[in-house]
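J.: Sending over a structure as structure tokens; questions will come in a sec.
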Amino acid sequence: MSFVKLTESDSSYRNLEKMPLKELLNNINAEDATVAAAVLGALPQIKLLVDAIVDKMLAGGRLYYIGAGTSGRLGILDASECVPTFGVPAGLITGIIAGGHKAITTPVEFAEDDTEQGWKDLSNHHVKSQDFVIGLSASGSTPYVLHALKQCKNNGISTGSISCNPSSPLSAAADFPVEIVTGPEFISGSTRMKAGTAQKMTLNMISTAVMVQLGRVEDNKMVHMRLTNEKLIERGTRIVMEKLQRTDYAKTKELLLQYGSVKKLLENINKT
């Protein structure tokens, strides 16, 4: 199958500047509603990817996301949220973006076109064969990401990819490709829209499923979450009160802060 960038195809909608606001919003929403079905079609690929990541991480490996622009920012977002949500150490899951830290908030011109910097950025994190790298690119052809994955393969590092075009070069380079075919964007080529939503949904699924498989969730609770603000402290206190059928909020909160996490508190309470 030949590679066609459907994400760059012309929008089905015309004269957006003349469209009444209600119609504009309804049409964007209608396009967004198609994303979940596209992700559903990729679930078998996502399962294979998650299984491969879990195997690596159970053996002590780390997970890296690498991308450019919106894709890179989404990877950084997902990686950074795993630390407070699941209580994993910083560096276990890392997002890397073309252009470096500045590119998180400010576009860095031509950074995505650099065919060597992606591997250099991964090397700066001392990536090794025990780790797993996921390349993120809506088009599936971003040079920064594509060549980084090729170098991973040359160095015996397992890889996955998330893209939004079928039969992309990035999919061919990855060991475990995921293709979520979202089609033309509402604004032609604006992949921060449906393609970005599809990538965010998929990253949510991957990190959540991996963390569940690694034992960072019990029942439906974030028992390893870090108590980094009052909201999380209150949530943790309520979890403990529910688990232990306690009614004394103040004492439970005191114990939670003493042990530092829901999991540690429950383990110690159960020993006594």
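How things are named: the first chain in the structure tokens is A, the next is B, and so on; residues count from 1 in each chain; ligands count from 1 in the order shown.
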Write out as a ChimeraX atom specification each polymer residue whose atoms come within 12 Å of A:Lys102, counting only C-alpha atoms; drop sequence neighbours fewer than 3 positions from it.
T.: /A:68-69,72-73,96-99,105-109,111
J.: Which residues are near A:Pro166? Cut-off 12 Å, only C-alpha atoms, ignore same chain within fewer than 3 positions. Put them as a PyMOL selection string.
T.: chain A and resi 1-7+38+42+138-141+162-163+169-172+177-183
J.: Take the residues just selected and output them with N, CA and C atoms as a compact mmCIF listing (two decimals), in the first residue's frame.
T.:
# COMPACT_ATOMS: atom_id res chain seq x y z
N MET A 1 0.85 -1.20 0.00
CA MET A 1 0.00 0.00 0.00
C MET A 1 0.88 1.24 0.00
N SER A 2 0.64 2.18 -0.89
CA SER A 2 1.44 3.39 -0.97
C SER A 2 1.09 4.33 0.17
N PHE A 3 2.05 5.16 0.54
CA PHE A 3 1.87 6.08 1.66
C PHE A 3 1.21 7.36 1.20
N VAL A 4 0.05 7.65 1.76
CA VAL A 4 -0.69 8.87 1.45
C VAL A 4 -0.95 9.60 2.77
N LYS A 5 -0.61 10.88 2.82
CA LYS A 5 -0.83 11.67 4.04
C LYS A 5 -2.28 12.16 4.09
N LEU A 6 -3.15 11.30 4.60
CA LEU A 6 -4.55 11.69 4.72
C LEU A 6 -4.71 12.88 5.66
N THR A 7 -3.81 12.99 6.63
CA THR A 7 -3.89 14.11 7.57
C THR A 7 -3.65 15.46 6.88
N ALA A 38 -11.92 5.65 15.49
CA ALA A 38 -10.62 5.41 14.88
C ALA A 38 -9.67 4.74 15.87
N ALA A 42 -7.79 0.61 16.28
CA ALA A 42 -6.37 0.35 16.51
C ALA A 42 -6.12 -0.41 17.81
N ALA A 138 2.00 12.61 13.91
CA ALA A 138 0.69 12.52 13.26
C ALA A 138 0.85 12.06 11.81
N SER A 139 1.80 12.64 11.10
CA SER A 139 2.00 12.29 9.70
C SER A 139 2.62 10.91 9.53
N GLY A 140 3.41 10.50 10.51
CA GLY A 140 4.15 9.24 10.39
C GLY A 140 5.40 9.38 9.56
N SER A 141 5.85 10.62 9.36
CA SER A 141 7.03 10.82 8.51
C SER A 141 7.98 11.89 9.03
N ILE A 162 3.09 5.93 17.19
CA ILE A 162 1.70 6.34 17.11
C ILE A 162 1.60 7.38 16.00
N SER A 163 0.87 7.04 14.95
CA SER A 163 0.70 7.96 13.83
C SER A 163 -0.73 7.89 13.34
N PRO A 169 6.06 5.65 6.89
CA PRO A 169 7.45 5.28 7.12
C PRO A 169 7.75 5.01 8.60
N LEU A 170 7.10 5.77 9.50
CA LEU A 170 7.33 5.55 10.93
C LEU A 170 6.82 4.19 11.36
N SER A 171 5.68 3.78 10.84
CA SER A 171 5.16 2.45 11.16
C SER A 171 6.11 1.36 10.69
N ALA A 172 6.70 1.56 9.51
CA ALA A 172 7.64 0.58 8.98
C ALA A 172 8.90 0.49 9.84
N PRO A 177 3.94 -0.78 15.68
CA PRO A 177 3.28 0.45 15.21
C PRO A 177 1.80 0.49 15.58
N VAL A 178 1.34 1.70 15.85
CA VAL A 178 -0.09 1.95 16.05
C VAL A 178 -0.50 3.03 15.06
N GLU A 179 -1.50 2.73 14.24
CA GLU A 179 -1.99 3.68 13.25
C GLU A 179 -3.46 3.99 13.54
N ILE A 180 -3.73 5.25 13.88
CA ILE A 180 -5.09 5.71 14.13
C ILE A 180 -5.46 6.63 12.99
N VAL A 181 -6.19 6.14 12.04
CA VAL A 181 -6.46 6.87 10.80
C VAL A 181 -7.64 7.81 11.01
N THR A 182 -7.33 9.09 11.23
CA THR A 182 -8.35 10.09 11.56
C THR A 182 -8.83 10.89 10.35
N GLY A 183 -8.14 10.76 9.21
CA GLY A 183 -8.59 11.43 8.00
C GLY A 183 -8.29 12.91 7.98
J.: Write out as a ChimeraX atom specification all residues of stretch 6-218 of chain A that DSSP puts in alpha helix (DSSP H) for this structure's backbone.
T.: /A:21-32,35-41,43-58,69-86,117-124,143-154,169-173,194-213
J.: Mind dumping a table of every stretch 2-113 of chain A residue within 12 Å of stretch 219-222 of chain A, with the nearest atom pair and its distance in Å to one decimal, using only C-alpha atoms, sorted by chain and rising number, as CSV?
T.:
residue,atom,partner,partner_atom,distance
A:Cys82,CA,A:Met222,CA,10.8
A:Val83,CA,A:Met222,CA,11.4
A:Pro84,CA,A:Met222,CA,9.5
A:Thr85,CA,A:Met222,CA,6.6
A:Phe86,CA,A:Met222,CA,6.2
A:Gly87,CA,A:Met222,CA,8.6
A:Val88,CA,A:Met222,CA,11.4
J.: Can you tell me how far atom CA of A:Met57 sits from atom CA of A:Leu227, in Å to one decimal?
T.: 24.0 Å
J.: Would you please extract all strand (DSSP E or B) residues from stretch 46-209 of chain A, as assigned by DSSP on the backbone, and give them as a compact mmCIF listing (two decimals) with C-alpha atoms, in the first residue's frame?
T.:
# COMPACT_ATOMS: atom_id res chain seq x y z
CA LEU A 63 9.78 4.27 28.62
CA TYR A 64 10.52 7.20 26.31
CA TYR A 65 8.21 9.20 24.08
CA ILE A 66 9.83 11.22 21.30
CA GLY A 67 8.02 13.64 19.01
CA ILE A 93 8.73 7.66 31.74
CA THR A 94 10.20 10.58 29.81
CA GLY A 95 8.95 12.78 26.99
CA ILE A 96 11.43 14.25 24.49
CA ILE A 97 10.53 17.00 22.01
CA PHE A 132 11.43 1.16 25.14
CA VAL A 133 10.97 4.14 22.80
CA ILE A 134 7.70 5.30 21.22
CA GLY A 135 7.86 7.67 18.27
CA LEU A 136 4.97 10.13 18.01
CA SER A 158 12.56 -1.91 21.07
CA THR A 159 10.25 0.69 19.56
CA GLY A 160 6.63 1.58 19.01
CA SER A 161 4.95 4.38 17.11
CA ILE A 162 1.70 6.34 17.11
CA SER A 163 0.70 7.96 13.83
CA PHE A 176 5.03 -2.18 17.37
CA PRO A 177 3.28 0.45 15.21
CA VAL A 178 -0.09 1.95 16.05
CA GLU A 179 -1.99 3.68 13.25
J.: Would you list the contacts of A:Leu214 as a list in words, taking every protein, DNA or RNA residue within 10 Å and counting only C-alpha atoms, but skipping same-chain residues closer than 4 positions in sequence?
T.: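 The neighbour list is Val54, Asp55, Met57, Leu58, Thr208, Ala209 and Val210 of chain A.
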J.: Check the smallest atom-to-atom distance from each of A:Met201, A:Ala79, A:Ile233, A:Leu122 to A:Gly100 using only C-alpha atoms, then report the winner.
T.: A:Leu122
J.: Can you work out the spacing between atom CA of A:Glu230 and atom CA of A:Gln213 in Å, to one decimal?
T.: 27.8 Å
J.: Looking at only C-alpha atoms, which of A:Asp121, A:Glu81, A:Asp131, A:Asp32 is the one that sits closest to A:Lys56?
T.: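 With only C-alpha atoms as the atom set, the closest residue is A:Asp131.
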J.: Report as a ChimeraX atom specification all protein, DNA and RNA residues lying within 12 Å of A:Ile239, evaluated on only C-alpha atoms, omitting residues in the same chain fewer than 6 positions from it.
T.: /A:218-225,232-233,245-247,249,252-253,256,261-263,265-266
J.: For atom CA of A:Asn204 and atom CA of A:Leu74, determine how far apart the two atoms are, in Å to one decimal place.
T.: 10.0 Å
J.: Tell me, as a list of chain:residue names, which residues lie within 8 Å of A:Ser188, counting only C-alpha atoms; anything in the same chain fewer than 6 positions away does not count.
T.: A:Thr7, A:Glu8, A:Ser9, A:Asp10, A:Ser11
J.: Would you mind exporting N, CA and C atoms of the selected residues as a PDB file, in the first residue's frame?
T.:
ATOM      1  N   THR A   7      -3.812  12.992   6.628  1.00  0.00           N
ATOM      2  CA  THR A   7      -3.894  14.113   7.568  1.00  0.00           C
ATOM      3  C   THR A   7      -3.652  15.458   6.882  1.00  0.00           C
ATOM      4  N   GLU A   8      -3.058  15.425   5.695  1.00  0.00           N
ATOM      5  CA  GLU A   8      -2.802  16.660   4.948  1.00  0.00           C
ATOM      6  C   GLU A   8      -3.847  16.897   3.852  1.00  0.00           C
ATOM      7  N   SER A   9      -4.819  16.004   3.756  1.00  0.00           N
ATOM      8  CA  SER A   9      -5.849  16.139   2.729  1.00  0.00           C
ATOM      9  C   SER A   9      -6.725  17.355   2.988  1.00  0.00           C
ATOM     10  N   ASP A  10      -7.391  17.822   1.934  1.00  0.00           N
ATOM     11  CA  ASP A  10      -8.228  19.010   2.043  1.00  0.00           C
ATOM     12  C   ASP A  10      -9.442  18.717   2.919  1.00  0.00           C
ATOM     13  N   SER A  11      -9.787  19.665   3.749  1.00  0.00           N
ATOM     14  CA  SER A  11     -10.952  19.540   4.623  1.00  0.00           C
ATOM     15  C   SER A  11     -12.229  19.349   3.810  1.00  0.00           C
TER      16      SER A  11
END
J.: So that I can check the surroundings of A:Lys150, please list as a PyMOL selection string every protein, DNA and RNA residue that reaches within 10 Å of it, counting only C-alpha atoms and ignoring chain neighbours fewer than 4 positions away.
T.: chain A and resi 119+145-146+154-155+157+159+170+172-174
J.: I need the chosen residues saved as a PDB file, in the first residue's frame, with N, CA and C atoms.
T.:
ATOM      1  N   TRP A 119      18.152  11.105  17.780  1.00  0.00           N
ATOM      2  CA  TRP A 119      18.992  10.085  18.408  1.00  0.00           C
ATOM      3  C   TRP A 119      19.942  10.715  19.420  1.00  0.00           C
ATOM      4  N   VAL A 145      11.753  12.216  14.338  1.00  0.00           N
ATOM      5  CA  VAL A 145      11.242  11.022  15.007  1.00  0.00           C
ATOM      6  C   VAL A 145      11.626   9.761  14.237  1.00  0.00           C
ATOM      7  N   LEU A 146      11.433   9.800  12.930  1.00  0.00           N
ATOM      8  CA  LEU A 146      11.682   8.635  12.093  1.00  0.00           C
ATOM      9  C   LEU A 146      13.126   8.145  12.220  1.00  0.00           C
ATOM     10  N   ASN A 154      18.933   0.087  15.186  1.00  0.00           N
ATOM     11  CA  ASN A 154      20.346  -0.230  14.973  1.00  0.00           C
ATOM     12  C   ASN A 154      21.067  -0.541  16.276  1.00  0.00           C
ATOM     13  N   ASN A 155      20.514  -0.043  17.385  1.00  0.00           N
ATOM     14  CA  ASN A 155      21.145  -0.238  18.688  1.00  0.00           C
ATOM     15  C   ASN A 155      20.387  -1.233  19.572  1.00  0.00           C
ATOM     16  N   ILE A 157      17.205  -1.436  20.464  1.00  0.00           N
ATOM     17  CA  ILE A 157      16.212  -0.880  21.380  1.00  0.00           C
ATOM     18  C   ILE A 157      14.820  -1.074  20.788  1.00  0.00           C
ATOM     19  N   THR A 159      10.951  -0.549  19.874  1.00  0.00           N
ATOM     20  CA  THR A 159      10.253   0.689  19.557  1.00  0.00           C
ATOM     21  C   THR A 159       8.782   0.464  19.227  1.00  0.00           C
ATOM     22  N   LEU A 170       7.101   5.766   9.498  1.00  0.00           N
ATOM     23  CA  LEU A 170       7.332   5.555  10.926  1.00  0.00           C
ATOM     24  C   LEU A 170       6.818   4.187  11.363  1.00  0.00           C
ATOM     25  N   ALA A 172       6.698   1.559   9.514  1.00  0.00           N
ATOM     26  CA  ALA A 172       7.645   0.578   8.981  1.00  0.00           C
ATOM     27  C   ALA A 172       8.897   0.493   9.840  1.00  0.00           C
ATOM     28  N   ALA A 173       9.260   1.606  10.482  1.00  0.00           N
ATOM     29  CA  ALA A 173      10.475   1.630  11.300  1.00  0.00           C
ATOM     30  C   ALA A 173      10.259   1.070  12.694  1.00  0.00           C
ATOM     31  N   ALA A 174       9.003   1.027  13.154  1.00  0.00           N
ATOM     32  CA  ALA A 174       8.700   0.624  14.525  1.00  0.00           C
ATOM     33  C   ALA A 174       8.463  -0.874  14.637  1.00  0.00           C
TER      34      ALA A 174
END
J.: Find the residue from A:Leu21, A:Asp175, A:Ala148, A:Ala36 that sits nearest to A:Ala195; use only C-alpha atoms when measuring.
T.: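 The answer is A:Ala36, which sits nearest to A:Ala195.
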